[in-house]
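Participant: Here you go, start-v6.txt (compact mmCIF, C-alpha atoms):
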```
# COMPACT_ATOMS: atom_id res chain seq x y z
CA GLN V 1 122.67 97.50 106.06
CA TYR V 2 119.55 99.66 106.09
CA SER V 3 119.10 103.11 104.70
CA THR V 4 117.74 104.64 107.83
CA SER V 5 115.45 107.37 106.65
CA ALA V 6 112.51 107.70 104.34
CA GLU V 7 110.89 110.68 102.71
CA VAL V 8 107.37 111.10 103.99
CA ASP V 9 105.46 114.11 102.69
CA GLY V 10 108.75 115.86 102.06
CA MET V 11 109.87 115.43 105.65
CA GLU V 12 112.62 113.04 106.49
CA ILE V 13 111.88 110.70 109.35
CA ASN V 14 114.24 108.17 110.74
CA LEU V 15 112.49 104.85 110.46
CA LEU V 16 114.69 103.04 112.93
CA ASP V 17 114.10 105.68 115.61
CA GLU V 18 110.39 105.50 114.87
CA ALA V 19 110.33 101.69 115.09
CA ASP V 20 112.38 101.70 118.30
CA ALA V 21 110.20 104.37 119.91
CA ILE V 22 107.03 102.40 119.19
CA PHE V 23 108.72 99.23 120.38
CA ASP V 24 109.71 100.85 123.67
CA SER V 25 106.23 102.23 124.29
CA VAL V 26 104.61 98.81 123.73
CA ASP V 27 107.24 96.86 125.70
CA THR V 28 105.78 97.97 129.03
CA ASN V 29 107.76 95.60 131.26
CA LYS V 30 111.00 96.62 129.49
CA ASP V 31 112.28 93.07 129.02
CA GLY V 32 113.38 93.82 125.45
CA VAL V 33 110.63 91.81 123.72
CA ILE V 34 106.95 92.44 123.02
CA SER V 35 104.61 89.68 124.18
CA ALA V 36 101.18 89.00 122.66
CA GLU V 37 99.68 90.40 125.86
CA GLU V 38 101.65 93.65 125.59
CA LEU V 39 100.62 94.11 121.97
CA LYS V 40 97.00 93.40 122.87
CA ASN V 41 97.11 95.91 125.74
CA HIS V 42 98.51 98.55 123.42
CA LEU V 43 96.29 97.95 120.39
CA VAL V 44 93.02 96.89 121.97
CA ASP V 45 92.98 98.90 125.18
CA THR V 46 94.86 102.01 124.04
CA MET V 47 94.14 102.19 120.31
CA GLY V 48 90.73 100.52 120.15
CA TYR V 49 91.61 97.77 117.64
CA THR V 50 89.84 94.40 117.65
CA PRO V 51 91.47 91.37 119.29
CA GLU V 52 91.34 89.56 115.90
CA TYR V 53 93.34 92.31 114.23
CA THR V 54 95.87 92.14 117.04
CA LYS V 55 96.34 88.39 116.54
CA TYR V 56 96.89 88.86 112.82
CA LEU V 57 99.36 91.65 113.42
CA PHE V 58 101.25 89.72 116.07
CA SER V 59 101.71 86.69 113.81
CA SER V 60 102.79 88.97 110.96
CA LEU V 61 105.39 90.73 113.10
CA ASP V 62 106.64 87.61 114.86
CA THR V 63 108.49 86.30 111.81
CA ASP V 64 110.24 83.44 113.60
CA SER V 65 107.06 82.30 115.44
CA ASP V 66 108.71 82.18 118.86
CA GLY V 67 105.82 84.02 120.53
CA GLU V 68 107.73 87.27 121.03
CA ILE V 69 108.45 90.31 118.89
CA THR V 70 112.03 91.52 119.03
CA LYS V 71 113.33 94.97 118.16
CA GLU V 72 114.79 93.51 114.94
CA GLU V 73 111.41 92.11 113.95
CA MET V 74 109.80 95.50 114.57
CA ARG V 75 112.46 97.20 112.43
CA PHE V 76 111.99 94.60 109.71
CA ALA V 77 108.27 95.36 109.71
CA PHE V 78 108.94 99.07 109.30
CA TYR V 79 111.17 98.45 106.31
CA ASN V 80 108.72 96.09 104.71
CA PHE V 81 105.42 97.63 105.64
CA GLU V 82 103.96 97.01 102.16
CA ALA V 83 104.67 93.33 102.68
CA LEU V 84 103.18 93.46 106.14
CA ALA V 85 100.03 95.13 104.83
CA MET V 86 99.69 92.43 102.23
CA TYR V 87 100.16 89.68 104.82
CA MET V 88 97.33 91.29 106.75
CA THR V 89 95.13 91.58 103.67
CA PHE V 90 95.62 87.93 102.76
CA GLY V 91 95.44 86.75 106.34
CA VAL V 92 98.84 85.10 106.35
CA GLY V 93 101.18 85.41 109.30
CA GLY V 94 104.68 86.63 108.58
CA SER V 95 105.92 83.25 109.72
CA ASP V 96 103.66 81.46 107.20
CA VAL V 97 105.70 83.16 104.51
CA THR V 98 109.17 83.32 106.05
CA SER V 99 109.15 79.65 107.03
CA ARG V 100 108.57 78.52 103.45
CA GLU V 101 111.48 77.06 101.52
CA ALA V 102 110.80 79.36 98.58
CA PHE V 103 111.23 82.38 100.85
CA LYS V 104 114.55 81.13 102.20
CA THR V 105 115.70 80.44 98.65
CA PHE V 106 114.94 83.88 97.29
CA VAL V 107 116.44 85.63 100.30
CA SER V 108 119.65 83.66 99.86
CA GLU V 109 119.65 84.48 96.14
CA GLN V 110 119.57 88.24 96.67
CA SER V 111 123.08 88.83 95.44
CA SER V 112 123.19 92.47 96.43
CA GLY V 113 123.38 91.48 100.08
CA PRO V 114 120.59 92.34 102.51
CA SER V 115 118.32 94.80 100.80
CA ASP V 116 116.12 97.31 102.58
CA LYS V 117 112.99 95.95 101.04
CA LEU V 118 112.03 92.44 100.22
CA LEU V 119 111.28 92.22 96.56
CA LEU V 120 107.54 92.74 96.32
CA ASN V 121 107.26 90.58 93.21
CA ASP V 122 108.86 87.67 95.02
CA LEU V 123 106.50 88.11 97.94
CA ALA V 124 103.53 88.36 95.61
CA ASP V 125 104.64 85.12 93.97
CA LEU V 126 105.06 83.38 97.32
CA ILE V 127 101.59 84.31 98.51
CA PHE V 128 100.23 83.43 95.07
CA ASP V 129 101.75 79.94 95.32
CA MET V 130 100.31 79.47 98.81
CA ILE V 131 96.80 80.14 97.49
CA ASP V 132 97.20 78.39 94.11
CA THR V 133 96.89 74.93 95.67
CA ASP V 134 96.51 73.02 92.39
CA ASN V 135 99.62 74.74 90.98
CA SER V 136 97.79 75.70 87.80
CA GLY V 137 99.43 79.12 87.70
CA GLU V 138 96.05 80.76 88.25
CA ILE V 139 93.94 81.35 91.34
CA ASP V 140 90.24 80.73 90.92
CA ALA V 141 87.52 82.00 93.22
CA GLU V 142 87.31 78.62 94.94
CA GLU V 143 91.00 78.62 95.85
CA LEU V 144 90.74 82.11 97.30
CA GLN V 145 87.64 81.03 99.22
CA ASP V 146 89.44 77.94 100.58
CA HIS V 147 92.42 80.04 101.61
CA PHE V 148 90.22 82.38 103.62
CA ALA V 149 88.22 79.50 105.08
CA GLU V 150 91.51 78.28 106.56
CA VAL V 151 92.35 81.77 107.78
CA THR V 152 88.98 82.36 109.46
CA ALA V 153 89.09 78.88 111.03
CA LYS V 154 92.04 80.09 113.10
CA PHE V 155 89.86 82.83 114.58
CA PRO V 156 86.58 81.22 115.60
CA GLU V 157 85.28 84.38 117.23
CA SER V 158 85.91 86.50 114.15
CA SER V 159 83.64 87.36 111.26
CA THR V 160 80.69 85.29 110.14
CA GLU V 161 80.94 83.09 107.10
CA LYS V 162 78.78 85.51 105.12
CA GLN V 163 81.15 88.41 105.84
CA ALA V 164 84.12 86.26 104.89
CA ARG V 165 82.47 85.31 101.59
CA GLU V 166 81.74 88.95 100.81
CA TYR V 167 85.33 89.89 101.63
CA VAL V 168 86.64 87.18 99.31
CA SER V 169 84.41 88.14 96.39
CA THR V 170 85.31 91.82 96.79
CA MET V 171 89.00 90.98 96.92
CA PHE V 172 88.74 88.58 93.99
CA ALA V 173 87.06 91.25 91.87
CA ALA V 174 89.74 93.77 92.83
CA LEU V 175 92.60 91.39 91.95
CA ASP V 176 91.08 90.01 88.76
CA LYS V 177 91.93 93.07 86.69
CA ASN V 178 91.10 91.60 83.28
CA LYS V 179 87.85 90.06 84.60
CA ASP V 180 88.50 86.59 83.20
CA GLY V 181 87.45 84.88 86.43
CA LYS V 182 91.03 83.92 87.34
CA ILE V 183 93.85 85.72 89.13
CA GLU V 184 97.14 85.44 87.25
CA LYS V 185 100.55 85.88 88.82
CA GLU V 186 100.96 89.21 87.05
CA GLU V 187 97.71 90.49 88.57
CA MET V 188 98.89 89.51 92.05
CA ARG V 189 102.19 91.32 91.45
CA GLU V 190 100.33 94.42 90.31
CA ALA V 191 98.26 94.36 93.48
CA PHE V 192 101.44 94.32 95.56
CA GLN V 193 103.02 97.16 93.59
CA LEU V 194 99.88 99.30 93.78
CA TYR V 195 99.04 98.59 97.37
CA ASP V 196 98.97 101.98 98.99
CA PHE V 197 97.49 103.01 102.30
```
Here is the file; what I need is its structure written in the form of structure tokens.
Facilitator:
Amino acid sequence: QYSTSAEVDGMEINLLDEADAIFDSVDTNKDGVISAEELKNHLVDTMGYTPEYTKYLFSSLDTDSDGEITKEEMRFAFYNFEALAMYMTFGVGGSDVTSREAFKTFVSEQSSGPSDKLLLNDLADLIFDMIDTDNSGEIDAEELQDHFAEVTAKFPESSTEKQAREYVSTMFAALDKNKDGKIEKEEMREAFQLYDF
């Protein structure tokens, strides 16, 4: 079902082994699932990440929203890390996307059987549709602002409104490639294809 290795800097690493090894090191009580507490202990206490980041990451990894991360979910994240990075960037939990009808439809329509990677264009379109609330086929600055207002409302202790506004305007400028004051679907797809970290 998965091709199990990826070329990284000319060296072949086995992604499944990598995902499983990380899973095992975070699953400290060895019950076969990662709880929010275990992820927090690992990321905040060991790695120095912020609690907000940890919450985002947990909801992105926990694709079925049952409050636990399974080994399969961790492997899925490793195969689709571009998608995961984009969830993080747009502040949507993995479950926000995977629970949508459109997501279920396009997964069932992938005729080639389960593919290693979700189609980035489809994901870009899904996130686009989530933000394009008036269904105009374009995202304006206000829609992006509203989307992030909802996101930051979930994390009351996180960034100030001013920081959130700056983040949105920076992101809007980055996505609006042709500078027409609107983000088109094509521009969102390009962002997903180019996303590199």
Participant: Taking only C-alpha atoms into account, which of V:Asn121, V:Gln145, V:Gln193, V:Thr46 comes nearest Thr170 in chain V?
Facilitator: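 Selected residue with least distance to Thr170 in chain V: V:Gln145.
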Participant: Could you work out how far CA of Val168 in chain V lies from CA of Ile131 in chain V, giving the answer in Å with one decimal?
Facilitator: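 According to the coordinates, CA of Ile131 in chain V and CA of Val168 in chain V are separated by 12.5 Å.
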Participant: Find the spatial neighbours of Glu184 in chain V, counting all atoms listed in the file, within a cut-off of 8 Å - ignore same-chain residues fewer than 3 positions away - and output them as a PyMOL selection string.
Facilitator: chain V and resi 137-139+176+187-188
Participant: Using only C-alpha atoms, find the one residue out of V:Tyr56, V:Ile34, V:Asn80, V:Leu39 that sits nearest to Glu68 in chain V.
Facilitator: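 Closest to Glu68 in chain V, using only C-alpha atoms: V:Ile34.
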Participant: Pick the closest to Leu43 in chain V from V:Arg75, V:Lys30, V:Ser25, V:Asp180: which is it, counting all atoms listed in the file?
Facilitator: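 Nearest candidate to Leu43 in chain V out of V:Arg75, V:Lys30, V:Ser25, V:Asp180: V:Ser25.
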Participant: Please indicate the distance in Å from CA of Leu120 in chain V to CA of Val151 in chain V, rounded to one decimal place.
Facilitator: 22.0 Å
Participant: My list of candidates is V:Ala141, V:Ala149, V:Leu175, V:Leu126. Which is closest to Gln163 in chain V when distances are computed with only C-alpha atoms?
Facilitator: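 Closest candidate: V:Ala149.
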